[in-house]
file my_file-v7.txt (compact mmCIF, C-alpha atoms)
# COMPACT_ATOMS: atom_id res chain seq x y z
CA MET A 495 0.00 0.00 0.00
CA THR A 496 1.15 3.52 -0.80
CA ARG A 497 0.11 6.55 1.25
CA ILE A 498 -0.30 9.94 -0.46
CA SER A 499 -1.20 13.27 1.11
CA GLY A 500 -2.78 16.21 -0.64
CA LYS A 501 -5.33 18.99 -0.58
CA ILE A 502 -8.84 19.10 -1.97
CA GLU A 503 -9.48 21.58 -4.76
CA THR A 504 -12.23 22.47 -7.19
CA GLY A 505 -11.79 20.85 -10.59
CA GLN A 506 -12.66 22.04 -14.07
CA GLY A 507 -16.13 20.51 -14.09
CA VAL A 508 -15.52 17.84 -16.74
CA GLY A 509 -15.66 14.85 -14.35
CA ALA A 510 -19.47 14.87 -14.24
CA GLY A 511 -19.76 14.32 -17.96
CA PHE A 512 -17.05 11.65 -17.98
CA THR A 513 -18.51 9.60 -15.12
CA ARG A 514 -21.90 9.43 -16.88
CA THR A 515 -20.64 8.14 -20.25
CA ASP A 516 -21.69 4.58 -21.05
CA TRP A 517 -18.02 3.55 -21.20
CA ALA A 518 -17.10 4.98 -17.78
CA LEU A 519 -20.30 3.68 -16.18
CA GLY A 520 -19.48 0.21 -17.47
CA VAL A 521 -15.92 0.34 -16.11
CA PHE A 522 -17.00 1.53 -12.66
CA ARG A 523 -19.89 -0.93 -12.41
CA ASP A 524 -18.17 -3.99 -13.88
CA ALA A 525 -14.64 -3.57 -12.50
CA TYR A 526 -15.37 -1.82 -9.20
CA GLY A 527 -19.02 -2.46 -8.38
CA ILE A 528 -20.02 1.18 -8.00
CA ASP A 529 -22.57 3.41 -9.66
CA PRO A 530 -20.52 6.61 -9.66
CA PHE A 531 -21.77 9.94 -8.43
CA PRO A 532 -21.71 12.31 -11.43
CA GLY A 533 -18.38 14.02 -10.89
CA THR A 534 -15.03 13.57 -9.23
CA LEU A 535 -13.35 14.94 -6.13
CA ASN A 536 -10.05 16.53 -7.05
CA VAL A 537 -7.01 16.26 -4.84
CA ARG A 538 -3.69 17.98 -5.52
CA ALA A 539 -0.84 15.79 -4.23
CA ASP A 540 1.54 17.48 -1.81
CA PRO A 541 4.99 18.04 -3.40
CA ALA A 542 6.52 15.32 -1.18
CA SER A 543 3.93 12.81 -2.46
CA VAL A 544 4.14 13.46 -6.22
CA ALA A 545 6.81 10.85 -7.01
CA ALA A 546 4.97 8.15 -5.05
CA TRP A 547 1.69 9.16 -6.72
CA GLN A 548 3.19 8.93 -10.22
CA SER A 549 4.66 5.51 -9.48
CA ALA A 550 1.33 4.22 -8.13
CA ALA A 551 -0.70 5.77 -10.97
CA ALA A 552 1.43 3.95 -13.55
CA GLN A 553 0.43 0.64 -11.91
CA GLY A 554 -3.32 1.24 -12.16
CA GLN A 555 -5.49 -1.02 -14.29
CA LEU A 556 -5.60 0.23 -17.90
CA PHE A 557 -8.98 0.74 -19.55
CA LYS A 558 -8.93 1.38 -23.31
CA ALA A 559 -11.43 3.95 -24.54
CA PRO A 560 -13.86 2.54 -27.12
CA ASP A 561 -13.75 5.77 -29.12
CA PRO A 562 -10.35 6.93 -30.45
CA SER A 563 -11.29 10.55 -29.79
CA TRP A 564 -11.46 9.77 -26.03
CA CYS A 565 -8.50 9.13 -23.79
CA ASP A 566 -7.65 5.83 -22.16
CA ALA A 567 -7.53 5.77 -18.37
CA ARG A 568 -5.86 3.91 -15.55
CA CYS A 569 -7.83 3.20 -12.38
CA LEU A 570 -6.90 2.03 -8.92
CA ARG A 571 -8.67 1.51 -5.64
CA ALA A 572 -7.97 3.72 -2.66
CA LYS A 573 -9.28 4.87 0.68
CA ILE A 574 -9.61 8.59 1.40
CA LEU A 575 -9.19 9.78 4.98
CA HIS A 576 -10.30 13.24 6.08
CA GLN A 577 -10.50 14.14 9.76
CA THR A 578 -12.63 11.33 11.25
CA HIS A 579 -14.24 10.25 7.95
CA PHE A 580 -13.03 7.74 5.40
CA ALA A 581 -14.44 6.26 2.22
CA ALA A 582 -13.48 3.67 -0.39
CA VAL A 583 -12.94 5.28 -3.78
CA VAL A 584 -11.66 4.61 -7.28
CA ILE A 585 -8.98 6.91 -8.65
CA VAL A 586 -9.13 7.73 -12.36
CA VAL A 587 -5.95 8.74 -14.16
CA PRO A 588 -6.69 10.13 -17.65
CA MET A 589 -3.95 9.05 -20.04
CA VAL A 590 -3.37 12.52 -21.43
CA GLU A 591 0.20 13.79 -21.84
CA SER A 592 -0.63 17.29 -20.60
CA TYR A 593 -2.50 16.04 -17.51
CA PRO A 594 -1.02 17.57 -14.32
CA GLN A 595 1.38 15.15 -12.60
CA ASP A 596 0.07 16.03 -9.16
CA GLN A 597 -3.68 15.88 -9.86
CA ILE A 598 -5.74 12.99 -8.47
CA GLU A 599 -9.39 12.38 -9.44
CA LEU A 600 -11.54 10.37 -7.03
CA VAL A 601 -14.76 8.60 -7.97
CA ALA A 602 -17.29 7.12 -5.54
CA GLY A 603 -20.94 6.18 -5.38
CA MET A 604 -21.71 9.35 -3.41
CA ASN A 605 -20.85 13.03 -3.36
CA LEU A 606 -17.51 12.74 -1.57
CA ARG A 607 -17.13 16.45 -0.87
CA GLU A 608 -20.46 16.54 0.97
CA TRP A 609 -20.00 13.21 2.75
CA LEU A 610 -16.53 14.14 3.98
CA GLU A 611 -17.73 17.68 4.80
CA ALA A 612 -14.62 18.86 2.96
CA LEU A 613 -13.69 22.27 1.63
CA ASP A 614 -11.07 23.41 -0.86
CA GLY A 615 -7.70 23.43 0.84
CA ASP A 616 -8.57 20.68 3.33
CA SER A 617 -5.86 18.07 3.79
CA VAL A 618 -6.60 14.43 3.00
CA THR A 619 -4.68 11.17 3.04
CA LEU A 620 -5.07 8.53 0.36
CA ASP A 621 -4.14 4.89 0.90
CA LEU A 622 -3.67 3.43 -2.57
CA GLU A 623 -4.24 -0.23 -3.40
CA PHE A 624 -2.88 -1.83 -6.53
call {"tool": "encode", "arguments": {"input": "my_file-v7.txt", "output": "structure tokens"}}
result
Amino acid sequence: MTRISGKIETGQGVGAGFTRTDWALGVFRDAYGIDPFPGTLNVRADPASVAAWQSAAAQGQLFKAPDPSWCDARCLRAKILHQTHFAAVVIVVPMVESYPQDQIELVAGMNLREWLEALDGDSVTLDLEF
């Protein structure tokens, strides 16, 4: 298991559309047994965690996009810990060359931000499983 620390931040708003595509829904349901909340929770890895995050992300399960205009993605299971709350999540790593090396996208069957009662800038810990 690898432990990563980071801070929650607001994303660009594209996660909601991605998590509702037939392809993504199929991946999350078939491979991970979740019906994803429409959207992701974005975490920016702390500078000391970036190398460990990149190493772990490269080991995630690869899912090939069915449409060549879409990007492939790697996914891995994790647990997010925030204050006294924790939740099982799936991390999605878009296979896009320009994707920020320290950005982490979390998917779950609920609105993680609300459930964790988290705000931008809050610190979280991620225990990654691969």
call {"tool": "residues_around", "arguments": {"input": "my_file-v7.txt", "residues": "Leu575 in chain A", "least_positions_apart": "5", "cutoff": "8 Å", "atoms": "only C-alpha atoms", "output": "JSON, numbers by chain"}}
result
{"A": [580, 581, 618, 619, 620]}
call {"tool": "residues_around", "arguments": {"input": "my_file-v7.txt", "residues": "Phe531 in chain A", "least_positions_apart": "6", "cutoff": "7 Å", "atoms": "all atoms listed in the file", "output": "PDB file with C-alpha atoms, keeping the file's coordinate frame"}}
result
ATOM      1  CA  ALA A 602     -17.290   7.120  -5.540  1.00  0.00           C
ATOM      2  CA  GLY A 603     -20.940   6.180  -5.380  1.00  0.00           C
ATOM      3  CA  MET A 604     -21.710   9.350  -3.410  1.00  0.00           C
ATOM      4  CA  ASN A 605     -20.850  13.030  -3.360  1.00  0.00           C
TER       5      ASN A 605
END
call {"tool": "residues_around", "arguments": {"input": "my_file-v7.txt", "residues": "Pro560 in chain A", "least_positions_apart": "4", "cutoff": "9 Å", "atoms": "only C-alpha atoms", "output": "list in words"}}
result
Trp517, Trp564 and Asp566 of chain A
call {"tool": "atom_distance", "arguments": {"input": "my_file-v7.txt", "atom1": "CA of Asp616 in chain A", "atom2": "CA of Gly533 in chain A"}}
result
18.5 Å
call {"tool": "closest_residue", "arguments": {"input": "my_file-v7.txt", "among": "A:Leu570, A:Ala612, A:Cys565, A:Leu600", "to": "Gln553 in chain A", "atoms": "all atoms listed in the file"}}
result
A:Leu570
call {"tool": "residues_around", "arguments": {"input": "my_file-v7.txt", "residues": "range 538-545 of chain A", "least_positions_apart": "2", "cutoff": "8 Å", "atoms": "only C-alpha atoms", "output": "PyMOL selection string"}}
result
chain A and resi 498-503+536+547-549+595-598
call {"tool": "closest_residue", "arguments": {"input": "my_file-v7.txt", "among": "A:Val586, A:Gly511, A:Thr578, A:Pro532", "to": "Leu606 in chain A", "atoms": "only C-alpha atoms"}}
result
A:Pro532
call {"tool": "closest_residue", "arguments": {"input": "my_file-v7.txt", "among": "A:Glu599, A:Thr534, A:His576, A:Glu623", "to": "Glu611 in chain A", "atoms": "only C-alpha atoms"}}
result
A:His576
call {"tool": "closest_residue", "arguments": {"input": "my_file-v7.txt", "among": "A:Ala572, A:Ile585, A:Ala551, A:Leu613", "to": "Pro530 in chain A", "atoms": "all atoms listed in the file"}}
result
A:Ile585
call {"tool": "atom_distance", "arguments": {"input": "my_file-v7.txt", "atom1": "CA of Val601 in chain A", "atom2": "CA of Thr513 in chain A"}}
result
8.1 Å
call {"tool": "closest_residue", "arguments": {"input": "my_file-v7.txt", "among": "A:Ala525, A:Met495, A:Thr515, A:Val537", "to": "Ser617 in chain A", "atoms": "only C-alpha atoms"}}
result
A:Val537
call {"tool": "atom_distance", "arguments": {"input": "my_file-v7.txt", "atom1": "CA of Thr496 in chain A", "atom2": "CA of Leu622 in chain A"}}
result
5.1 Å
call {"tool": "residues_near_point", "arguments": {"input": "my_file-v7.txt", "point": "(-16.8, -1.8, -10.5)", "cutoff": "12 Å", "atoms": "all atoms listed in the file", "output": "NGL selection string"}}
result
:A and (518-530 or 555 or 569-571 or 582-585 or 601-603)
call {"tool": "closest_residue", "arguments": {"input": "my_file-v7.txt", "among": "A:His579, A:Arg607, A:Arg497, A:Lys558", "to": "Leu535 in chain A", "atoms": "only C-alpha atoms"}}
result
A:Arg607
call {"tool": "decode", "arguments": {"input": "my_file-v7.txt", "residues": "range 570-584 of chain A", "atoms": "C-alpha atoms", "output": "compact mmCIF listing (two decimals), in the first residue's frame"}}
result
# COMPACT_ATOMS: atom_id res chain seq x y z
CA LEU A 570 -6.90 2.03 -8.92
CA ARG A 571 -8.67 1.51 -5.64
CA ALA A 572 -7.97 3.72 -2.66
CA LYS A 573 -9.28 4.87 0.68
CA ILE A 574 -9.61 8.59 1.40
CA LEU A 575 -9.19 9.78 4.98
CA HIS A 576 -10.30 13.24 6.08
CA GLN A 577 -10.50 14.14 9.76
CA THR A 578 -12.63 11.33 11.25
CA HIS A 579 -14.24 10.25 7.95
CA PHE A 580 -13.03 7.74 5.40
CA ALA A 581 -14.44 6.26 2.22
CA ALA A 582 -13.48 3.67 -0.39
CA VAL A 583 -12.94 5.28 -3.78
CA VAL A 584 -11.66 4.61 -7.28
